[in-house]
file work-v7.cif (mmCIF, N, CA, C and O atoms)
data_my_file
#
loop_
_atom_site.label_atom_id
_atom_site.label_comp_id
_atom_site.auth_asym_id
_atom_site.auth_seq_id
_atom_site.Cartn_x
_atom_site.Cartn_y
_atom_site.Cartn_z
N MET A 291 27.56 -54.35 43.20
CA MET A 291 26.41 -54.50 44.07
C MET A 291 25.66 -53.17 44.14
O MET A 291 26.26 -52.12 44.32
N TYR A 292 24.35 -53.24 43.96
CA TYR A 292 23.53 -52.05 44.10
C TYR A 292 22.22 -52.40 44.77
O TYR A 292 21.87 -53.57 44.90
N ALA A 293 21.52 -51.35 45.20
CA ALA A 293 20.23 -51.54 45.85
C ALA A 293 19.27 -50.45 45.41
O ALA A 293 19.70 -49.34 45.09
N ILE A 294 18.00 -50.79 45.37
CA ILE A 294 16.95 -49.79 45.15
C ILE A 294 16.40 -49.45 46.53
O ILE A 294 15.89 -50.32 47.23
N VAL A 295 16.52 -48.18 46.91
CA VAL A 295 16.15 -47.75 48.26
C VAL A 295 15.15 -46.60 48.17
O VAL A 295 15.20 -45.79 47.24
N GLU A 296 14.20 -46.59 49.10
CA GLU A 296 13.22 -45.51 49.15
C GLU A 296 13.66 -44.49 50.20
O GLU A 296 13.84 -44.82 51.37
N ILE A 297 13.83 -43.23 49.74
CA ILE A 297 14.27 -42.15 50.61
C ILE A 297 13.26 -41.01 50.47
O ILE A 297 13.11 -40.46 49.38
N ASN A 298 12.60 -40.66 51.55
CA ASN A 298 11.61 -39.57 51.57
C ASN A 298 10.56 -39.71 50.47
O ASN A 298 10.22 -38.74 49.80
N GLY A 299 10.09 -40.93 50.24
CA GLY A 299 9.01 -41.14 49.28
C GLY A 299 9.45 -41.31 47.84
O GLY A 299 8.62 -41.49 46.97
N GLN A 300 10.75 -41.25 47.55
CA GLN A 300 11.25 -41.46 46.20
C GLN A 300 12.22 -42.63 46.19
O GLN A 300 12.91 -42.89 47.18
N GLN A 301 12.28 -43.32 45.04
CA GLN A 301 13.16 -44.48 44.92
C GLN A 301 14.43 -44.10 44.18
O GLN A 301 14.38 -43.38 43.18
N PHE A 302 15.57 -44.59 44.68
CA PHE A 302 16.87 -44.30 44.09
C PHE A 302 17.67 -45.58 43.94
O PHE A 302 17.52 -46.52 44.73
N LYS A 303 18.55 -45.60 42.94
CA LYS A 303 19.50 -46.70 42.77
C LYS A 303 20.76 -46.31 43.52
O LYS A 303 21.40 -45.32 43.19
N ALA A 304 21.12 -47.09 44.52
CA ALA A 304 22.25 -46.77 45.39
C ALA A 304 23.40 -47.73 45.13
O ALA A 304 23.25 -48.94 45.26
N GLU A 305 24.55 -47.17 44.74
CA GLU A 305 25.78 -47.93 44.57
C GLU A 305 26.85 -47.28 45.42
O GLU A 305 26.86 -46.07 45.59
N GLN A 306 27.78 -48.09 45.91
CA GLN A 306 28.83 -47.57 46.76
C GLN A 306 29.70 -46.56 46.00
O GLN A 306 30.09 -46.80 44.86
N GLY A 307 29.95 -45.41 46.62
CA GLY A 307 30.78 -44.38 46.02
C GLY A 307 30.02 -43.35 45.21
O GLY A 307 30.59 -42.34 44.80
N LYS A 308 28.74 -43.56 44.95
CA LYS A 308 27.94 -42.62 44.16
C LYS A 308 27.38 -41.53 45.06
O LYS A 308 27.29 -41.67 46.27
N LYS A 309 26.98 -40.41 44.42
CA LYS A 309 26.34 -39.31 45.14
C LYS A 309 24.90 -39.18 44.66
O LYS A 309 24.61 -39.37 43.48
N LEU A 310 24.00 -38.86 45.59
CA LEU A 310 22.59 -38.70 45.27
C LEU A 310 22.11 -37.34 45.77
O LEU A 310 22.59 -36.83 46.78
N PHE A 311 21.16 -36.77 45.03
CA PHE A 311 20.47 -35.57 45.47
C PHE A 311 19.06 -36.00 45.84
O PHE A 311 18.25 -36.27 44.97
N VAL A 312 18.78 -36.07 47.14
CA VAL A 312 17.48 -36.52 47.63
C VAL A 312 16.69 -35.32 48.13
O VAL A 312 17.25 -34.25 48.36
N ASN A 313 15.37 -35.51 48.31
CA ASN A 313 14.55 -34.44 48.89
C ASN A 313 15.15 -34.01 50.22
O ASN A 313 15.69 -34.82 50.97
N HIS A 314 15.00 -32.73 50.53
CA HIS A 314 15.64 -32.13 51.69
C HIS A 314 15.33 -32.90 52.98
O HIS A 314 14.18 -33.18 53.29
N ILE A 315 16.39 -33.26 53.72
CA ILE A 315 16.27 -33.93 55.01
C ILE A 315 16.44 -32.85 56.08
O ILE A 315 17.48 -32.21 56.16
N GLN A 316 15.40 -32.66 56.88
CA GLN A 316 15.37 -31.54 57.84
C GLN A 316 16.50 -31.61 58.87
O GLN A 316 17.08 -30.60 59.22
N THR A 317 16.81 -32.80 59.37
CA THR A 317 17.75 -32.93 60.49
C THR A 317 19.18 -33.21 60.04
O THR A 317 20.01 -33.58 60.86
N ALA A 318 19.48 -33.03 58.77
CA ALA A 318 20.81 -33.38 58.25
C ALA A 318 21.85 -32.33 58.62
O ALA A 318 21.60 -31.13 58.57
N GLU A 319 23.03 -32.81 59.01
CA GLU A 319 24.18 -31.96 59.30
C GLU A 319 25.34 -32.42 58.41
O GLU A 319 25.44 -33.60 58.08
N PRO A 320 26.23 -31.51 58.00
CA PRO A 320 27.36 -31.93 57.16
C PRO A 320 28.24 -32.95 57.87
O PRO A 320 28.58 -32.79 59.04
N GLY A 321 28.59 -34.03 57.18
CA GLY A 321 29.43 -35.08 57.75
C GLY A 321 28.68 -36.11 58.56
O GLY A 321 29.27 -37.10 59.01
N GLN A 322 27.38 -35.93 58.74
CA GLN A 322 26.58 -36.86 59.53
C GLN A 322 26.35 -38.15 58.74
O GLN A 322 26.19 -38.14 57.53
N THR A 323 26.34 -39.28 59.43
CA THR A 323 26.06 -40.57 58.81
C THR A 323 24.57 -40.86 58.94
O THR A 323 24.00 -40.74 60.02
N VAL A 324 23.96 -41.22 57.82
CA VAL A 324 22.52 -41.50 57.78
C VAL A 324 22.33 -42.91 57.22
O VAL A 324 23.00 -43.30 56.27
N GLU A 325 21.42 -43.67 57.84
CA GLU A 325 21.13 -45.03 57.38
C GLU A 325 19.69 -45.08 56.88
O GLU A 325 18.78 -44.58 57.53
N PHE A 326 19.51 -45.71 55.72
CA PHE A 326 18.18 -45.91 55.15
C PHE A 326 17.94 -47.41 55.10
O PHE A 326 18.68 -48.14 54.45
N ASP A 327 16.88 -47.87 55.78
CA ASP A 327 16.62 -49.31 55.86
C ASP A 327 15.44 -49.75 55.03
O ASP A 327 15.06 -50.92 55.06
N LYS A 328 14.86 -48.86 54.24
CA LYS A 328 13.73 -49.21 53.38
C LYS A 328 14.27 -49.64 52.01
O LYS A 328 14.09 -48.97 51.00
N VAL A 329 14.97 -50.76 51.99
CA VAL A 329 15.59 -51.29 50.77
C VAL A 329 14.58 -52.21 50.08
O VAL A 329 14.11 -53.18 50.67
N LEU A 330 14.26 -51.90 48.83
CA LEU A 330 13.24 -52.64 48.09
C LEU A 330 13.83 -53.78 47.27
O LEU A 330 13.16 -54.78 47.02
N LEU A 331 15.08 -53.64 46.80
CA LEU A 331 15.70 -54.65 45.95
C LEU A 331 17.21 -54.59 46.15
O LEU A 331 17.77 -53.50 46.32
N VAL A 332 17.86 -55.75 46.13
CA VAL A 332 19.32 -55.82 46.23
C VAL A 332 19.83 -56.72 45.12
O VAL A 332 19.32 -57.82 44.93
N ASP A 333 20.83 -56.23 44.36
CA ASP A 333 21.48 -57.03 43.32
C ASP A 333 22.93 -57.22 43.73
O ASP A 333 23.71 -56.27 43.74
N ASN A 334 23.30 -58.46 44.07
CA ASN A 334 24.66 -58.78 44.50
C ASN A 334 25.32 -59.63 43.42
O ASN A 334 25.27 -60.86 43.47
N ASP A 335 25.91 -58.98 42.42
CA ASP A 335 26.60 -59.66 41.30
C ASP A 335 25.70 -60.66 40.59
O ASP A 335 26.07 -61.81 40.37
N GLY A 336 24.49 -60.25 40.24
CA GLY A 336 23.56 -61.10 39.51
C GLY A 336 22.59 -61.85 40.38
O GLY A 336 21.61 -62.40 39.89
N ASN A 337 22.84 -61.92 41.68
CA ASN A 337 21.93 -62.57 42.62
C ASN A 337 20.95 -61.52 43.13
O ASN A 337 21.28 -60.72 44.01
N VAL A 338 19.74 -61.51 42.58
CA VAL A 338 18.76 -60.47 42.88
C VAL A 338 17.83 -60.92 44.01
O VAL A 338 17.28 -62.02 43.96
N THR A 339 17.66 -60.05 45.01
CA THR A 339 16.74 -60.28 46.10
C THR A 339 15.70 -59.17 46.08
O THR A 339 16.05 -58.00 46.19
N VAL A 340 14.43 -59.55 45.94
CA VAL A 340 13.34 -58.58 45.90
C VAL A 340 12.59 -58.68 47.22
O VAL A 340 12.22 -59.77 47.66
N GLY A 341 12.35 -57.55 47.85
CA GLY A 341 11.65 -57.52 49.12
C GLY A 341 10.15 -57.56 48.96
O GLY A 341 9.61 -57.25 47.91
N ALA A 342 9.48 -57.95 50.04
CA ALA A 342 8.02 -57.98 50.04
C ALA A 342 7.52 -57.35 51.32
O ALA A 342 7.21 -58.07 52.24
N PRO A 343 7.42 -56.08 51.51
CA PRO A 343 7.79 -55.00 50.61
C PRO A 343 9.25 -54.58 50.71
O PRO A 343 9.77 -53.92 49.82
N VAL A 344 9.96 -54.92 51.81
CA VAL A 344 11.37 -54.54 51.94
C VAL A 344 12.22 -55.78 52.18
O VAL A 344 11.73 -56.83 52.61
N VAL A 345 13.51 -55.67 51.90
CA VAL A 345 14.46 -56.75 52.13
C VAL A 345 14.87 -56.70 53.60
O VAL A 345 15.34 -55.66 54.09
N GLU A 346 14.70 -57.80 54.31
CA GLU A 346 15.02 -57.85 55.73
C GLU A 346 16.54 -57.79 55.95
O GLU A 346 17.30 -58.47 55.28
N GLY A 347 16.97 -56.94 56.88
CA GLY A 347 18.38 -56.85 57.25
C GLY A 347 19.23 -56.03 56.30
O GLY A 347 20.42 -55.88 56.52
N ALA A 348 18.65 -55.49 55.26
CA ALA A 348 19.41 -54.70 54.30
C ALA A 348 19.29 -53.22 54.65
O ALA A 348 18.24 -52.75 55.10
N LYS A 349 20.38 -52.48 54.44
CA LYS A 349 20.34 -51.04 54.66
C LYS A 349 21.43 -50.37 53.83
O LYS A 349 22.37 -51.02 53.38
N VAL A 350 21.26 -49.08 53.63
CA VAL A 350 22.22 -48.27 52.88
C VAL A 350 22.76 -47.22 53.83
O VAL A 350 22.00 -46.48 54.45
N VAL A 351 24.09 -47.16 53.96
CA VAL A 351 24.74 -46.20 54.85
C VAL A 351 25.28 -45.06 54.00
O VAL A 351 26.04 -45.28 53.05
N CYS A 352 24.87 -43.83 54.33
CA CYS A 352 25.26 -42.64 53.58
C CYS A 352 25.87 -41.60 54.50
O CYS A 352 25.63 -41.60 55.70
N GLU A 353 26.63 -40.70 53.88
CA GLU A 353 27.18 -39.55 54.60
C GLU A 353 26.65 -38.29 53.94
O GLU A 353 26.65 -38.18 52.71
N VAL A 354 26.20 -37.33 54.74
CA VAL A 354 25.67 -36.08 54.21
C VAL A 354 26.83 -35.20 53.77
O VAL A 354 27.69 -34.85 54.58
N VAL A 355 26.87 -34.87 52.47
CA VAL A 355 27.91 -34.01 51.93
C VAL A 355 27.51 -32.55 52.11
O VAL A 355 28.28 -31.73 52.61
N SER A 356 26.29 -32.23 51.69
CA SER A 356 25.77 -30.87 51.82
C SER A 356 24.31 -30.96 52.25
O SER A 356 23.51 -31.59 51.56
N PRO A 357 23.94 -30.34 53.38
CA PRO A 357 22.57 -30.51 53.87
C PRO A 357 21.51 -29.78 53.04
O PRO A 357 20.35 -30.18 53.06
N ILE A 358 21.90 -28.74 52.32
CA ILE A 358 20.91 -28.04 51.50
C ILE A 358 21.56 -27.57 50.20
O ILE A 358 22.58 -26.91 50.20
N VAL A 359 20.97 -28.02 49.09
CA VAL A 359 21.41 -27.64 47.75
C VAL A 359 20.16 -27.23 46.98
O VAL A 359 19.15 -27.92 47.04
N LYS A 360 20.24 -26.10 46.28
CA LYS A 360 19.08 -25.66 45.51
C LYS A 360 19.17 -26.22 44.10
O LYS A 360 20.22 -26.22 43.48
N GLY A 361 18.03 -26.68 43.59
CA GLY A 361 17.97 -27.24 42.25
C GLY A 361 17.81 -26.15 41.21
O GLY A 361 17.88 -24.95 41.50
N ASP A 362 17.57 -26.55 39.97
CA ASP A 362 17.35 -25.61 38.88
C ASP A 362 16.04 -24.87 39.09
O ASP A 362 15.10 -25.39 39.68
N LYS A 363 15.98 -23.65 38.57
CA LYS A 363 14.78 -22.84 38.71
C LYS A 363 13.69 -23.35 37.78
O LYS A 363 13.94 -23.64 36.61
N VAL A 364 12.48 -23.47 38.32
CA VAL A 364 11.31 -23.85 37.55
C VAL A 364 10.44 -22.61 37.45
O VAL A 364 10.08 -22.00 38.45
N LEU A 365 10.12 -22.21 36.21
CA LEU A 365 9.29 -21.03 35.99
C LEU A 365 7.84 -21.45 35.78
O LEU A 365 7.56 -22.35 34.99
N VAL A 366 6.94 -20.76 36.47
CA VAL A 366 5.50 -21.02 36.36
C VAL A 366 4.88 -19.75 35.80
O VAL A 366 4.93 -18.70 36.43
N PHE A 367 4.29 -19.85 34.61
CA PHE A 367 3.74 -18.68 33.92
C PHE A 367 2.25 -18.84 33.73
O PHE A 367 1.79 -19.87 33.22
N HIS A 368 1.47 -17.84 34.16
CA HIS A 368 0.02 -17.84 33.99
C HIS A 368 -0.35 -16.66 33.10
O HIS A 368 0.19 -15.57 33.25
N LYS A 369 -1.30 -16.89 32.20
CA LYS A 369 -1.76 -15.83 31.31
C LYS A 369 -3.22 -16.06 30.95
O LYS A 369 -3.64 -17.20 30.76
N LYS A 370 -3.96 -14.97 30.89
CA LYS A 370 -5.32 -15.02 30.37
C LYS A 370 -5.34 -14.13 29.14
O LYS A 370 -5.04 -12.94 29.22
N ARG A 371 -5.68 -14.71 28.01
CA ARG A 371 -5.58 -13.98 26.76
C ARG A 371 -6.60 -12.85 26.69
O ARG A 371 -7.72 -12.95 27.22
N ARG A 372 -6.18 -11.80 26.04
CA ARG A 372 -6.99 -10.61 25.80
C ARG A 372 -7.42 -9.87 27.07
O ARG A 372 -8.27 -9.01 27.01
N LYS A 373 -6.87 -10.19 28.20
CA LYS A 373 -7.27 -9.54 29.45
C LYS A 373 -6.13 -8.73 30.07
O LYS A 373 -6.33 -8.04 31.06
N GLY A 374 -4.93 -8.85 29.52
CA GLY A 374 -3.78 -8.14 30.08
C GLY A 374 -3.26 -8.75 31.36
O GLY A 374 -2.53 -8.11 32.12
N TYR A 375 -3.60 -10.01 31.63
CA TYR A 375 -3.20 -10.68 32.86
C TYR A 375 -2.03 -11.62 32.57
O TYR A 375 -2.14 -12.53 31.76
N ARG A 376 -0.90 -11.33 33.21
CA ARG A 376 0.27 -12.21 33.12
C ARG A 376 0.93 -12.27 34.49
O ARG A 376 1.03 -11.26 35.19
N LYS A 377 1.36 -13.46 34.87
CA LYS A 377 2.03 -13.62 36.15
C LYS A 377 3.13 -14.65 35.98
O LYS A 377 2.91 -15.71 35.40
N LEU A 378 4.32 -14.36 36.50
CA LEU A 378 5.47 -15.26 36.39
C LEU A 378 6.03 -15.51 37.79
O LEU A 378 6.38 -14.56 38.50
N ASN A 379 6.06 -16.76 38.18
CA ASN A 379 6.64 -17.15 39.46
C ASN A 379 7.80 -18.10 39.22
O ASN A 379 7.75 -18.93 38.31
N GLY A 380 8.82 -18.01 40.05
CA GLY A 380 9.95 -18.92 39.99
C GLY A 380 10.04 -19.74 41.26
O GLY A 380 9.61 -19.32 42.33
N TYR A 381 10.62 -20.93 41.15
CA TYR A 381 10.71 -21.84 42.28
C TYR A 381 11.96 -22.68 42.15
O TYR A 381 12.26 -23.18 41.06
N ARG A 382 12.72 -22.83 43.24
CA ARG A 382 13.89 -23.70 43.26
C ARG A 382 13.72 -24.72 44.38
O ARG A 382 13.62 -24.35 45.55
N HIS A 383 13.70 -25.99 44.02
CA HIS A 383 13.50 -27.06 45.00
C HIS A 383 14.78 -27.26 45.80
O HIS A 383 15.88 -27.11 45.28
N GLN A 384 14.64 -27.64 47.08
CA GLN A 384 15.79 -27.85 47.95
C GLN A 384 16.08 -29.35 48.08
O GLN A 384 15.18 -30.15 48.29
N PHE A 385 17.36 -29.68 47.94
CA PHE A 385 17.81 -31.06 48.01
C PHE A 385 18.87 -31.21 49.09
O PHE A 385 19.45 -30.22 49.53
N THR A 386 19.14 -32.45 49.48
CA THR A 386 20.27 -32.79 50.33
C THR A 386 21.18 -33.72 49.54
O THR A 386 20.72 -34.70 48.97
N GLU A 387 22.46 -33.39 49.49
CA GLU A 387 23.42 -34.22 48.75
C GLU A 387 24.04 -35.24 49.71
O GLU A 387 24.60 -34.87 50.74
N VAL A 388 23.90 -36.52 49.36
CA VAL A 388 24.46 -37.59 50.18
C VAL A 388 25.40 -38.44 49.34
O VAL A 388 25.21 -38.61 48.15
N SER A 389 26.43 -38.95 49.99
CA SER A 389 27.39 -39.85 49.36
C SER A 389 27.20 -41.23 49.98
O SER A 389 27.17 -41.37 51.21
N ILE A 390 27.09 -42.25 49.14
CA ILE A 390 26.82 -43.60 49.63
C ILE A 390 28.13 -44.27 50.04
O ILE A 390 29.03 -44.44 49.22
N LYS A 391 28.21 -44.64 51.29
CA LYS A 391 29.42 -45.29 51.82
C LYS A 391 29.40 -46.79 51.59
O LYS A 391 30.39 -47.36 51.16
N GLU A 392 28.27 -47.45 51.89
CA GLU A 392 28.18 -48.89 51.66
C GLU A 392 26.74 -49.36 51.60
O GLU A 392 25.85 -48.71 52.14
N VAL A 393 26.56 -50.48 50.92
CA VAL A 393 25.26 -51.14 50.84
C VAL A 393 25.39 -52.46 51.58
O VAL A 393 26.20 -53.32 51.22
N ILE A 394 24.61 -52.62 52.64
CA ILE A 394 24.67 -53.82 53.47
C ILE A 394 23.46 -54.68 53.16
O ILE A 394 22.32 -54.22 53.25
N ALA A 395 23.71 -55.93 52.76
CA ALA A 395 22.60 -56.82 52.43
C ALA A 395 22.81 -58.18 53.07
O ALA A 395 23.89 -58.65 53.25
#
call {"tool": "encode", "arguments": {"input": "work-v7.cif", "output": "structure tokens"}}
result
Amino acid sequence: MYAIVEINGQQFKAEQGKKLFVNHIQTAEPGQTVEFDKVLLVDNDGNVTVGAPVVEGAKVVCEVVSPIVKGDKVLVFHKKRRKGYRKLNGYRHQFTEVSIKEVIA
């Protein structure tokens, strides 16, 4: 059984026992239980339910493993040729790691 759930504006495939790295959740604490009720699709052993826009009564229950995890560094390089202008900036996006406890449909 799996579900497609929208978390902070992004869609994820949620299966029981899996871990997800979602956009940083401001109020997350380690060990806290979080419920996401914006479930767009549920597949229960081949029986697919598609929401319009969400599936009524469905939710995904998660536990926060780590409230803040930094992603890989993204380098942003700017250059203007023949002018001696070069600039290099680095950026690491912040994520929250959640473990999916159950999918309720």
call {"tool": "residues_around", "arguments": {"input": "work-v7.cif", "residues": "region 362-364 of chain A", "least_positions_apart": "5", "cutoff": "7 Å", "atoms": "all atoms listed in the file", "output": "CSV table (one decimal) with N, CA, C and O atoms, in the frame of the given file"}}
result
chain,number,residue,atom,x,y,z
A,379,ASN,N,6.1,-16.8,38.2
A,379,ASN,CA,6.6,-17.2,39.5
A,379,ASN,C,7.8,-18.1,39.2
A,379,ASN,O,7.8,-18.9,38.3
A,380,GLY,N,8.8,-18.0,40.0
A,380,GLY,CA,10.0,-18.9,40.0
A,380,GLY,C,10.0,-19.7,41.3
A,380,GLY,O,9.6,-19.3,42.3
A,381,TYR,N,10.6,-20.9,41.2
A,381,TYR,CA,10.7,-21.8,42.3
A,381,TYR,C,12.0,-22.7,42.2
A,381,TYR,O,12.3,-23.2,41.1
A,382,ARG,N,12.7,-22.8,43.2
A,382,ARG,CA,13.9,-23.7,43.3
A,382,ARG,C,13.7,-24.7,44.4
A,382,ARG,O,13.6,-24.4,45.6
A,383,HIS,N,13.7,-26.0,44.0
A,383,HIS,CA,13.5,-27.1,45.0
A,383,HIS,C,14.8,-27.3,45.8
A,383,HIS,O,15.9,-27.1,45.3
call {"tool": "resolve_selection", "arguments": {"input": "work-v7.cif", "expression": "the PyMOL selection byres ((chain A and resi 296-304) around 6)", "output": "ChimeraX atom specification"}}
result
/A:291-295,305-306,313,326,328-330
call {"tool": "write_last_selection", "arguments": {"input": "work-v7.cif", "atoms": "N, CA, C and O atoms", "output": "tab-separated table (two decimals), in the frame of the given file"}}
result
chain	number	residue	atom	x	y	z
A	291	MET	N	27.56	-54.35	43.20
A	291	MET	CA	26.41	-54.50	44.07
A	291	MET	C	25.66	-53.17	44.14
A	291	MET	O	26.26	-52.12	44.32
A	292	TYR	N	24.35	-53.24	43.96
A	292	TYR	CA	23.53	-52.05	44.10
A	292	TYR	C	22.22	-52.40	44.77
A	292	TYR	O	21.87	-53.57	44.90
A	293	ALA	N	21.52	-51.35	45.20
A	293	ALA	CA	20.23	-51.54	45.85
A	293	ALA	C	19.27	-50.45	45.41
A	293	ALA	O	19.70	-49.34	45.09
A	294	ILE	N	18.00	-50.79	45.37
A	294	ILE	CA	16.95	-49.79	45.15
A	294	ILE	C	16.40	-49.45	46.53
A	294	ILE	O	15.89	-50.32	47.23
A	295	VAL	N	16.52	-48.18	46.91
A	295	VAL	CA	16.15	-47.75	48.26
A	295	VAL	C	15.15	-46.60	48.17
A	295	VAL	O	15.20	-45.79	47.24
A	305	GLU	N	24.55	-47.17	44.74
A	305	GLU	CA	25.78	-47.93	44.57
A	305	GLU	C	26.85	-47.28	45.42
A	305	GLU	O	26.86	-46.07	45.59
A	306	GLN	N	27.78	-48.09	45.91
A	306	GLN	CA	28.83	-47.57	46.76
A	306	GLN	C	29.70	-46.56	46.00
A	306	GLN	O	30.09	-46.80	44.86
A	313	ASN	N	15.37	-35.51	48.31
A	313	ASN	CA	14.55	-34.44	48.89
A	313	ASN	C	15.15	-34.01	50.22
A	313	ASN	O	15.69	-34.82	50.97
A	326	PHE	N	19.51	-45.71	55.72
A	326	PHE	CA	18.18	-45.91	55.15
A	326	PHE	C	17.94	-47.41	55.10
A	326	PHE	O	18.68	-48.14	54.45
A	328	LYS	N	14.86	-48.86	54.24
A	328	LYS	CA	13.73	-49.21	53.38
A	328	LYS	C	14.27	-49.64	52.01
A	328	LYS	O	14.09	-48.97	51.00
A	329	VAL	N	14.97	-50.76	51.99
A	329	VAL	CA	15.59	-51.29	50.77
A	329	VAL	C	14.58	-52.21	50.08
A	329	VAL	O	14.11	-53.18	50.67
A	330	LEU	N	14.26	-51.90	48.83
A	330	LEU	CA	13.24	-52.64	48.09
A	330	LEU	C	13.83	-53.78	47.27
A	330	LEU	O	13.16	-54.78	47.02
call {"tool": "axis_aligned_box", "arguments": {"input": "work-v7.cif", "around": "region 343-350 of chain A", "padding_each_side": "8 Å", "output": "JSON"}}
result
{"center_x": 15.1, "center_y": -52.5, "center_z": 53.5, "size_x": 31.3, "size_y": 28.0, "size_z": 23.4}
call {"tool": "residues_near_point", "arguments": {"input": "work-v7.cif", "point": "(21.8, -57.7, 52.9)", "cutoff": "9 Å", "atoms": "only C-alpha atoms", "output": "ChimeraX atom specification"}}
result
/A:332,334,339,345-349,393-395
call {"tool": "atom_distance", "arguments": {"input": "work-v7.cif", "atom1": "CA of Asp333 (chain A)", "atom2": "atom C of Gly307 (chain A)"}}
result
16.2 Å
call {"tool": "resolve_selection", "arguments": {"input": "work-v7.cif", "expression": "the PyMOL selection byres ((chain A and resi 322) around 5)", "output": "ChimeraX atom specification"}}
result
/A:319-321,323-324,352-354
call {"tool": "select_by_dssp", "arguments": {"input": "work-v7.cif", "residues": "chain A", "states": "strand (DSSP E or B)", "output": "MDAnalysis selection string"}}
result
chainID A and resid 292:297 300:305 309:313 323:326 329:334 337:340 349:370 375:394
call {"tool": "atom_distance", "arguments": {"input": "work-v7.cif", "atom1": "CA of Ile358 (chain A)", "atom2": "CA of Leu378 (chain A)"}}
result
25.1 Å
call {"tool": "atom_distance", "arguments": {"input": "work-v7.cif", "atom1": "CA of Asp335 (chain A)", "atom2": "CA of Glu392 (chain A)"}}
result
15.0 Å
